[in-house]
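As stored in query11.tsv (TSV, C-alpha atoms (C1' of nucleotides)):
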chain	number	residue	atom	x	y	z
A	1	MET	CA	83.58	-6.11	182.90
A	2	THR	CA	83.15	-8.80	180.26
A	3	ARG	CA	83.18	-7.85	176.61
A	4	SER	CA	83.03	-9.91	173.46
A	5	ARG	CA	85.83	-9.73	170.88
A	6	ALA	CA	84.99	-7.64	167.86
A	7	GLN	CA	87.92	-8.51	165.63
A	8	LYS	CA	90.62	-11.13	165.43
A	9	SER	CA	93.32	-8.58	166.27
A	10	ASP	CA	91.58	-7.39	169.45
A	11	LEU	CA	93.09	-8.28	172.75
A	12	THR	CA	91.25	-10.53	175.17
A	13	ASP	CA	89.77	-9.25	178.40
A	14	ALA	CA	92.57	-10.99	180.25
A	15	GLU	CA	95.19	-9.18	178.16
A	16	TYR	CA	93.56	-5.82	178.81
A	17	ARG	CA	93.53	-6.60	182.50
A	18	LYS	CA	97.21	-7.50	182.46
A	19	LEU	CA	98.11	-4.36	180.53
A	20	ALA	CA	96.05	-2.27	182.94
A	21	ALA	CA	97.63	-4.02	185.90
A	22	PHE	CA	101.13	-3.31	184.61
A	23	ARG	CA	100.27	0.37	184.12
A	24	GLN	CA	98.82	0.38	187.59
A	25	ALA	CA	102.06	-0.99	188.99
A	26	LEU	CA	104.03	1.66	187.12
A	27	ARG	CA	101.73	4.36	188.47
A	28	GLY	CA	102.34	3.00	191.94
A	29	PHE	CA	106.05	3.65	191.63
A	30	VAL	CA	105.51	7.01	189.98
A	31	ALA	CA	103.09	8.02	192.75
A	32	PHE	CA	105.56	6.99	195.42
A	33	SER	CA	108.22	9.02	193.68
A	34	ALA	CA	105.99	12.07	193.34
A	35	ALA	CA	105.07	11.96	197.03
A	36	GLU	CA	108.72	11.71	198.08
A	37	ALA	CA	109.67	14.62	195.84
A	38	ALA	CA	106.74	16.73	197.05
A	39	ALA	CA	107.81	16.15	200.65
A	40	ILE	CA	110.98	18.11	199.99
A	41	GLY	CA	109.46	20.73	197.73
A	42	LEU	CA	110.17	19.25	194.32
A	43	THR	CA	107.89	18.28	191.47
A	44	PRO	CA	108.45	14.90	189.81
A	45	ARG	CA	110.05	16.46	186.75
A	46	GLN	CA	112.31	18.64	188.87
A	47	HIS	CA	113.49	15.53	190.71
A	48	GLN	CA	114.17	13.82	187.41
A	49	VAL	CA	116.19	16.78	186.23
A	50	LEU	CA	118.37	16.67	189.34
A	51	LEU	CA	118.94	12.95	188.85
A	52	ALA	CA	119.70	13.36	185.17
A	53	ILE	CA	122.30	16.04	185.91
A	54	ARG	CA	123.89	14.17	188.82
A	55	GLY	CA	123.88	10.81	187.04
A	56	TRP	CA	125.07	12.31	183.77
A	57	PRO	CA	127.02	9.64	181.92
A	58	ASP	CA	129.67	11.88	180.36
A	59	SER	CA	132.59	13.63	181.99
A	60	MET	CA	131.36	17.07	180.99
A	61	PRO	CA	128.26	18.47	182.74
A	62	PRO	CA	125.14	18.75	180.58
A	63	ASN	CA	123.81	21.88	178.94
A	64	ILE	CA	120.16	22.66	178.26
A	65	LYS	CA	120.04	21.00	174.89
A	66	SER	CA	121.67	17.75	175.93
A	67	LEU	CA	119.57	17.60	179.07
A	68	ALA	CA	116.42	18.14	177.02
A	69	GLU	CA	117.41	15.27	174.77
A	70	ARG	CA	117.97	12.93	177.70
A	71	MET	CA	114.72	14.00	179.31
A	72	MET	CA	113.02	13.47	175.94
A	73	ILE	CA	111.45	16.90	175.94
A	74	ARG	CA	111.86	20.02	173.78
A	75	HIS	CA	114.62	22.41	174.70
A	76	ASN	CA	112.14	25.13	175.58
A	77	SER	CA	110.42	22.84	178.05
A	78	ALA	CA	113.82	22.26	179.64
A	79	VAL	CA	114.41	25.99	179.90
A	80	GLY	CA	111.33	26.36	182.08
A	81	LEU	CA	112.31	23.45	184.32
A	82	ILE	CA	115.82	24.83	184.73
A	83	GLN	CA	114.56	28.31	185.51
A	84	ARG	CA	112.28	27.07	188.29
A	85	LEU	CA	114.99	24.81	189.73
A	86	GLU	CA	117.52	27.63	189.74
A	87	ALA	CA	115.05	30.05	191.31
A	88	ALA	CA	114.45	27.48	194.08
A	89	GLY	CA	118.19	27.08	194.62
A	90	PHE	CA	118.62	23.44	193.57
A	91	ILE	CA	120.85	23.98	190.55
A	92	GLN	CA	123.37	26.41	189.13
A	93	ARG	CA	123.89	27.65	185.60
A	94	ILE	CA	127.44	28.43	184.64
A	95	GLU	CA	128.19	30.03	181.30
A	96	SER	CA	130.74	27.97	179.45
A	97	SER	CA	134.14	29.63	179.29
A	98	GLY	CA	134.65	28.51	175.71
A	99	ASP	CA	131.55	28.74	173.56
A	100	ARG	CA	129.41	31.27	175.41
A	101	ARG	CA	126.20	29.88	173.95
A	102	PHE	CA	126.45	26.88	176.25
A	103	ILE	CA	125.21	26.83	179.82
A	104	GLN	CA	126.75	24.22	182.13
A	105	LEU	CA	124.26	22.76	184.60
A	106	SER	CA	125.19	21.47	188.04
A	107	LEU	CA	123.59	20.89	191.44
A	108	THR	CA	123.98	23.26	194.34
A	109	PRO	CA	124.70	21.77	197.79
A	110	LYS	CA	120.97	22.07	198.44
A	111	GLY	CA	120.28	20.16	195.25
A	112	GLU	CA	122.84	17.49	196.15
A	113	ALA	CA	121.27	16.99	199.56
A	114	ALA	CA	117.75	16.80	198.16
A	115	LEU	CA	118.76	14.27	195.53
A	116	ALA	CA	120.76	12.16	197.97
A	117	ALA	CA	117.70	11.78	200.21
A	118	LEU	CA	115.41	11.01	197.31
A	119	SER	CA	117.80	8.55	195.73
A	120	ALA	CA	118.27	6.58	198.94
A	121	SER	CA	114.53	6.18	199.45
A	122	HIS	CA	113.98	5.35	195.80
A	123	LEU	CA	116.62	2.67	195.89
A	124	THR	CA	114.97	1.10	198.90
A	125	GLU	CA	111.55	1.31	197.31
A	126	LEU	CA	112.74	-0.17	194.04
A	127	ARG	CA	114.19	-3.13	195.87
A	128	GLN	CA	110.69	-3.62	197.31
A	129	ARG	CA	108.69	-3.04	194.17
A	130	GLY	CA	111.14	-4.43	191.65
A	131	PRO	CA	110.18	-8.08	191.86
A	132	ARG	CA	106.47	-7.34	191.53
A	133	LEU	CA	107.04	-5.03	188.57
A	134	VAL	CA	109.07	-7.68	186.83
A	135	GLU	CA	106.39	-10.30	187.55
A	136	MET	CA	103.63	-8.21	186.01
A	137	LEU	CA	105.75	-7.46	182.99
A	138	GLN	CA	106.62	-11.12	182.48
A	139	ALA	CA	102.96	-12.12	182.85
A	140	LEU	CA	102.05	-9.53	180.24
A	141	ILE	CA	104.63	-10.20	177.57
A	142	SER	CA	104.72	-13.96	177.86
A	143	GLY	CA	100.92	-14.24	177.63
B	1	MET	CA	130.77	14.00	186.12
B	2	THR	CA	132.92	12.91	189.02
B	3	ARG	CA	132.03	14.05	192.50
B	4	SER	CA	133.43	13.23	195.89
B	5	ARG	CA	131.20	11.64	198.53
B	6	ALA	CA	130.06	14.03	201.22
B	7	GLN	CA	128.58	11.56	203.69
B	8	LYS	CA	128.60	7.86	204.34
B	9	SER	CA	124.95	7.54	203.31
B	10	ASP	CA	125.45	9.19	199.92
B	11	LEU	CA	125.23	7.08	196.84
B	12	THR	CA	128.25	6.54	194.64
B	13	ASP	CA	128.54	8.08	191.19
B	14	ALA	CA	127.93	4.63	189.75
B	15	GLU	CA	124.71	4.28	191.72
B	16	TYR	CA	123.47	7.67	190.56
B	17	ARG	CA	124.25	6.69	187.00
B	18	LYS	CA	122.32	3.45	187.36
B	19	LEU	CA	119.35	5.21	188.91
B	20	ALA	CA	119.43	7.82	186.14
B	21	ALA	CA	119.72	5.10	183.53
B	22	PHE	CA	116.70	3.27	184.90
B	23	ARG	CA	114.66	6.49	184.87
B	24	GLN	CA	115.86	7.08	181.37
B	25	ALA	CA	114.60	3.65	180.33
B	26	LEU	CA	111.24	4.32	181.94
B	27	ARG	CA	111.03	7.66	180.14
B	28	GLY	CA	111.73	5.83	176.92
B	29	PHE	CA	108.67	3.67	177.34
B	30	VAL	CA	106.55	6.60	178.51
B	31	ALA	CA	107.68	8.66	175.52
B	32	PHE	CA	106.84	5.84	173.14
B	33	SER	CA	103.43	5.56	174.74
B	34	ALA	CA	102.81	9.30	174.56
B	35	ALA	CA	103.73	9.41	170.88
B	36	GLU	CA	101.41	6.50	170.06
B	37	ALA	CA	98.54	8.13	171.94
B	38	ALA	CA	99.17	11.51	170.32
B	39	ALA	CA	99.04	9.86	166.89
B	40	ILE	CA	95.37	9.05	167.44
B	41	GLY	CA	94.46	12.24	169.26
B	42	LEU	CA	94.82	11.15	172.87
B	43	THR	CA	96.95	12.50	175.68
B	44	PRO	CA	98.87	9.98	177.79
B	45	ARG	CA	96.48	10.29	180.71
B	46	GLN	CA	93.46	9.93	178.46
B	47	HIS	CA	94.94	6.70	177.11
B	48	GLN	CA	95.51	5.46	180.63
B	49	VAL	CA	91.91	6.20	181.53
B	50	LEU	CA	90.65	4.16	178.58
B	51	LEU	CA	92.88	1.26	179.58
B	52	ALA	CA	91.86	1.48	183.22
B	53	ILE	CA	88.17	1.37	182.27
B	54	ARG	CA	88.57	-1.41	179.72
B	55	GLY	CA	90.88	-3.48	181.90
B	56	TRP	CA	88.79	-2.89	185.02
B	57	PRO	CA	89.24	-5.90	187.30
B	58	ASP	CA	85.70	-6.04	188.72
B	59	SER	CA	82.50	-7.15	187.06
B	60	MET	CA	80.86	-3.75	187.56
B	61	PRO	CA	82.12	-0.82	185.48
B	62	PRO	CA	84.00	1.89	187.38
B	63	ASN	CA	82.58	5.19	188.55
B	64	ILE	CA	84.52	8.44	188.89
B	65	LYS	CA	85.63	7.82	192.45
B	66	SER	CA	86.87	4.27	191.92
B	67	LEU	CA	88.60	5.29	188.70
B	68	ALA	CA	90.30	8.17	190.49
B	69	GLU	CA	91.54	5.77	193.15
B	70	ARG	CA	92.96	3.38	190.58
B	71	MET	CA	94.56	6.24	188.67
B	72	MET	CA	95.93	7.53	191.97
B	73	ILE	CA	94.56	11.01	191.44
B	74	ARG	CA	91.93	13.14	193.20
B	75	HIS	CA	88.33	12.72	192.13
B	76	ASN	CA	88.18	16.26	190.76
B	77	SER	CA	91.16	15.55	188.52
B	78	ALA	CA	89.29	12.51	187.22
B	79	VAL	CA	86.22	14.64	186.50
B	80	GLY	CA	88.24	16.80	184.11
B	81	LEU	CA	89.74	13.81	182.34
B	82	ILE	CA	86.34	12.20	181.96
B	83	GLN	CA	84.76	15.40	180.66
B	84	ARG	CA	87.35	15.81	177.93
B	85	LEU	CA	87.20	12.14	176.96
B	86	GLU	CA	83.42	12.25	176.74
B	87	ALA	CA	83.48	15.49	174.72
B	88	ALA	CA	85.89	13.80	172.29
B	89	GLY	CA	83.60	10.76	172.01
B	90	PHE	CA	85.85	8.11	173.55
B	91	ILE	CA	83.75	7.27	176.59
B	92	GLN	CA	80.17	7.32	177.85
B	93	ARG	CA	78.74	8.25	181.22
B	94	ILE	CA	75.65	6.35	182.30
B	95	GLU	CA	73.83	7.35	185.44
B	96	SER	CA	73.44	4.34	187.69
B	97	SER	CA	69.85	3.09	187.86
B	98	GLY	CA	70.14	2.40	191.58
B	99	ASP	CA	72.05	5.05	193.51
B	100	ARG	CA	71.82	8.07	191.24
B	101	ARG	CA	74.98	9.59	192.64
B	102	PHE	CA	77.07	7.07	190.73
B	103	ILE	CA	78.13	7.47	187.12
B	104	GLN	CA	79.05	4.28	185.25
B	105	LEU	CA	81.94	4.75	182.84
B	106	SER	CA	82.41	2.75	179.65
B	107	LEU	CA	84.11	3.07	176.27
B	108	THR	CA	82.29	4.04	173.10
B	109	PRO	CA	83.05	2.07	169.91
B	110	LYS	CA	85.46	4.87	169.03
B	111	GLY	CA	87.16	4.45	172.40
B	112	GLU	CA	87.30	0.68	171.98
B	113	ALA	CA	88.94	1.02	168.59
B	114	ALA	CA	91.47	3.57	169.81
B	115	LEU	CA	92.42	1.45	172.80
B	116	ALA	CA	92.66	-1.74	170.75
B	117	ALA	CA	95.18	-0.12	168.41
B	118	LEU	CA	97.19	1.37	171.28
B	119	SER	CA	97.19	-1.84	173.27
B	120	ALA	CA	98.43	-3.93	170.37
B	121	SER	CA	101.36	-1.61	169.72
B	122	HIS	CA	102.14	-1.34	173.41
B	123	LEU	CA	102.21	-5.08	173.81
B	124	THR	CA	104.65	-5.37	170.92
B	125	GLU	CA	106.79	-2.57	172.29
B	126	LEU	CA	106.85	-4.03	175.78
B	127	ARG	CA	108.06	-7.35	174.42
B	128	GLN	CA	110.92	-5.37	172.87
B	129	ARG	CA	111.74	-3.14	175.81
B	130	GLY	CA	110.87	-5.51	178.62
B	131	PRO	CA	114.16	-7.38	178.83
B	132	ARG	CA	116.20	-4.19	178.86
B	133	LEU	CA	114.01	-2.60	181.52
B	134	VAL	CA	114.38	-5.68	183.69
B	135	GLU	CA	118.15	-5.66	183.17
B	136	MET	CA	118.50	-2.06	184.28
B	137	LEU	CA	116.32	-2.67	187.29
B	138	GLN	CA	118.32	-5.75	188.30
B	139	ALA	CA	121.59	-3.90	187.88
B	140	LEU	CA	120.26	-1.12	190.08
B	141	ILE	CA	118.77	-3.09	192.94
B	142	SER	CA	121.39	-5.78	193.14
B	143	GLY	CA	124.24	-3.23	193.19
C	1	DT	C1'	131.80	40.43	155.87
C	2	DG	C1'	127.56	38.30	155.46
C	3	DA	C1'	124.81	34.07	155.86
C	4	DA	C1'	123.80	29.76	157.99
C	5	DA	C1'	123.95	27.06	162.08
C	6	DT	C1'	123.57	26.46	166.98
C	7	DA	C1'	122.12	27.33	171.92
C	8	DT	C1'	119.17	29.50	174.72
C	9	DA	C1'	115.01	32.27	175.79
C	10	DT	C1'	110.14	34.03	175.39
C	11	DC	C1'	105.15	33.84	174.41
C	12	DG	C1'	100.64	31.91	174.07
C	13	DT	C1'	97.93	27.76	174.70
C	14	DC	C1'	96.59	23.27	176.37
C	15	DT	C1'	96.36	19.30	179.67
C	16	DT	C1'	96.73	17.87	184.07
C	17	DA	C1'	96.93	18.12	188.99
C	18	DC	C1'	95.69	20.18	193.24
C	19	DG	C1'	92.92	22.37	197.31
C	20	DA	C1'	88.83	24.51	198.54
C	21	DC	C1'	84.32	24.80	198.00
C	22	DA	C1'	79.53	23.65	196.14
C	23	DT	C1'	75.64	20.58	194.96
C	24	DA	C1'	72.94	16.35	194.72
C	25	DT	C1'	71.66	12.12	196.54
C	26	DT	C1'	71.42	8.64	199.97
C	27	DA	C1'	71.92	6.81	204.73
C	28	DA	C1'	71.76	7.40	209.60
C	29	DA	C1'	70.18	9.48	213.77
C	30	DT	C1'	66.87	11.34	216.59
D	1	DA	C1'	59.45	12.35	209.49
D	2	DT	C1'	62.95	15.55	209.64
D	3	DT	C1'	67.33	16.84	210.42
D	4	DT	C1'	72.14	15.50	210.04
D	5	DA	C1'	76.07	12.67	208.19
D	6	DA	C1'	78.19	10.72	204.59
D	7	DT	C1'	79.01	9.99	199.81
D	8	DA	C1'	79.59	11.06	194.73
D	9	DT	C1'	80.20	14.33	191.55
D	10	DG	C1'	81.09	18.98	189.88
D	11	DT	C1'	83.22	23.90	189.76
D	12	DC	C1'	86.80	27.42	190.36
D	13	DG	C1'	91.27	29.31	190.67
D	14	DT	C1'	96.19	28.32	190.45
D	15	DA	C1'	100.46	26.13	189.08
D	16	DA	C1'	103.67	22.95	186.59
D	17	DG	C1'	104.83	21.27	182.46
D	18	DA	C1'	104.54	20.39	177.56
D	19	DC	C1'	104.33	22.18	172.90
D	20	DG	C1'	104.91	25.14	168.46
D	21	DA	C1'	106.25	29.43	166.84
D	22	DT	C1'	109.19	32.98	167.19
D	23	DA	C1'	113.21	35.76	168.92
D	24	DT	C1'	118.08	36.69	170.32
D	25	DA	C1'	122.94	35.77	171.01
D	26	DT	C1'	126.97	33.53	169.61
D	27	DT	C1'	129.80	30.90	166.62
D	28	DT	C1'	131.06	28.88	162.22
D	29	DC	C1'	131.33	28.79	157.41
D	30	DA	C1'	131.22	30.47	152.70

Now, as a test, write the supplied structure out as structure tokens.
Amino acid sequence: MTRSRAQKSDLTDAEYRKLAAFRQALRGFVAFSAAEAAAIGLTPRQHQVLLAIRGWPDSMPPNIKSLAERMMIRHNSAVGLIQRLEAAGFIQRIESSGDRRFIQLSLTPKGEAALAALSASHLTELRQRGPRLVEMLQALISG
Amino acid sequence: MTRSRAQKSDLTDAEYRKLAAFRQALRGFVAFSAAEAAAIGLTPRQHQVLLAIRGWPDSMPPNIKSLAERMMIRHNSAVGLIQRLEAAGFIQRIESSGDRRFIQLSLTPKGEAALAALSASHLTELRQRGPRLVEMLQALISG
DNA sequence: TGAAATATATCGTCTTACGACATATTAAAT
DNA sequence: ATTTAATATGTCGTAAGACGATATATTTCA
């Protein structure tokens, strides 16, 4: 839909279309990911939690607070996620032997298997979608 | 955290870390976007709806069904989004003059202004984050 | 020993998403 | 023309997930 520009700082129609197209491409990946997760009984956020725990960059497993920081959510939001994942048998909570305030998070065998399947399909899909995502981003930021 | 490989098809620790790092980078952009939207009273999805309407690729404005398809959600989910956006004054619904089942969606001046501000800051941010996102994606899919 | 700091948990509320179902309008079939 | 299909939108109940505010347990520090 064509629109005139109201101010100098406004974006052009073409820029809005490119921004919208990039978001659309991102949604495409997110939707793929959500469908894959749903197929094995996980929500998108639950999948992300499993990946964050398994791909944790440090040598020590994460606790709730550090996981919340990496997920960029509040600690109390993380508590809910962890509770549902534990109830469904995908992760374990182990009280730290030292400071008993800390809870060490790790995947159960069920969680490992679920994440392995999801990660393989995501890797394949990203190899497919990657080039197009990069294209749309380049078109947007170099315009 | 180091883990042994259970099956041939399992990913390596390094691959999990790269996948997690890419997700982390995506979350970074999404979190930036959510914070910007929140600063002007919009939820992330509401912002995306404004952008999808404004950056609509066709000459005719979208209706609920076509918007839902582009947003990759069910039509009834779109109805709720549209209702809240209209109640908050960001968009208008105009009954189509031809087939009266269709509702034409468009931004109000308030919606235009909100989206213009968000789009400008997103464009700037994407120019910043773009290269890093592309790097992480390349590292992941070429590994 | 008492106070501050830290980690986790709980509660109430909102947005979003869904499936199932309902209603209105138009198109197609007879 | 009237019934039947299809289409577009709306409603209802339920669940996940996010938040702020508040609570509890544990550790550290003064």

Original post:
Given a cut-off of 8 Å, which residues of chain A touch chain C, counting all atoms listed in the file, written out as a ChimeraX atom specification?
Top reply: /A:64-65,76,79,101-102

Take the residues just selected and output them with C-alpha atoms as a PDB file, in the coordinates of the input.
ATOM      1  CA  ILE A  64     120.160  22.660 178.260  1.00  0.00           C
ATOM      2  CA  LYS A  65     120.040  21.000 174.890  1.00  0.00           C
ATOM      3  CA  ASN A  76     112.140  25.130 175.580  1.00  0.00           C
ATOM      4  CA  VAL A  79     114.410  25.990 179.900  1.00  0.00           C
ATOM      5  CA  ARG A 101     126.200  29.880 173.950  1.00  0.00           C
ATOM      6  CA  PHE A 102     126.450  26.880 176.250  1.00  0.00           C
TER       7      PHE A 102
END

Original post:
By how many Å are atom CA of A:Arg93 and atom CA of A:Leu42 apart?
Top reply: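 Separating atom CA of A:Arg93 from atom CA of A:Leu42 is a distance of 18.3 Å.
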
**OP:** Determine which residues of chain D sit within 10 Å of chain A, taking into account only C-alpha atoms (C1' of nucleotides), and present them as a PyMOL selection string.
**Re:** chain D and resi 16-19+25-27

May I have the residues from that selection written out with C-alpha atoms (C1' of nucleotides), as an mmCIF file, keeping the file's coordinate frame?
data_model
loop_
_atom_site.group_PDB
_atom_site.id
_atom_site.type_symbol
_atom_site.label_atom_id
_atom_site.label_comp_id
_atom_site.auth_asym_id
_atom_site.auth_seq_id
_atom_site.Cartn_x
_atom_site.Cartn_y
_atom_site.Cartn_z
ATOM 1 C "C1'" DA D 16 103.670 22.950 186.590
ATOM 2 C "C1'" DG D 17 104.830 21.270 182.460
ATOM 3 C "C1'" DA D 18 104.540 20.390 177.560
ATOM 4 C "C1'" DC D 19 104.330 22.180 172.900
ATOM 5 C "C1'" DA D 25 122.940 35.770 171.010
ATOM 6 C "C1'" DT D 26 126.970 33.530 169.610
ATOM 7 C "C1'" DT D 27 129.800 30.900 166.620
#

**OP:** List the neighbours of A:Val49 out to 10 Å using only C-alpha atoms (C1' of nucleotides); skip same-chain residues closer than 2 positions along the sequence, and give me the result as number ranges by chain.
**Re:** A: 43-47, 51-55, 67-68, 70-71, 78, 81-82, 85, 91, 107, 115; B: 20

Can you tell me, as an mmCIF file with C-alpha atoms, keeping the file's coordinate frame, what residues are no more than 9 Å from B:His122 when counting all atoms listed in the file, ignoring any on the same chain fewer than 2 positions away?
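Dumped everything to selection24.cif:
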data_model
loop_
_atom_site.group_PDB
_atom_site.id
_atom_site.type_symbol
_atom_site.label_atom_id
_atom_site.label_comp_id
_atom_site.auth_asym_id
_atom_site.auth_seq_id
_atom_site.Cartn_x
_atom_site.Cartn_y
_atom_site.Cartn_z
ATOM 1 C CA LEU A 19 98.110 -4.360 180.530
ATOM 2 C CA PHE B 32 106.840 5.840 173.140
ATOM 3 C CA SER B 33 103.430 5.560 174.740
ATOM 4 C CA GLU B 36 101.410 6.500 170.060
ATOM 5 C CA ALA B 117 95.180 -0.120 168.410
ATOM 6 C CA LEU B 118 97.190 1.370 171.280
ATOM 7 C CA SER B 119 97.190 -1.840 173.270
ATOM 8 C CA ALA B 120 98.430 -3.930 170.370
ATOM 9 C CA THR B 124 104.650 -5.370 170.920
ATOM 10 C CA GLU B 125 106.790 -2.570 172.290
ATOM 11 C CA LEU B 126 106.850 -4.030 175.780
ATOM 12 C CA ARG B 127 108.060 -7.350 174.420
#

Original post:
Separation of atom C1' of D:DA23 and atom CA of A:Ile103, in Å?
Top reply: 18.5 Å

**OP:** Tell me the residues of chain A close to chain B, meaning within 8 Å using all atoms listed in the file, as number ranges by chain.
**Re:** A: 1-2, 10-11, 13-14, 16-21, 23-24, 27-28, 31, 48, 51-52, 54-61, 70-72, 116, 119-120, 123, 126-127, 130, 134, 137, 140-141

Subject >> Atom-to-atom span, atom CA of B:Glu95 and atom CA of B:His75, Å >> reply: 16.8 Å
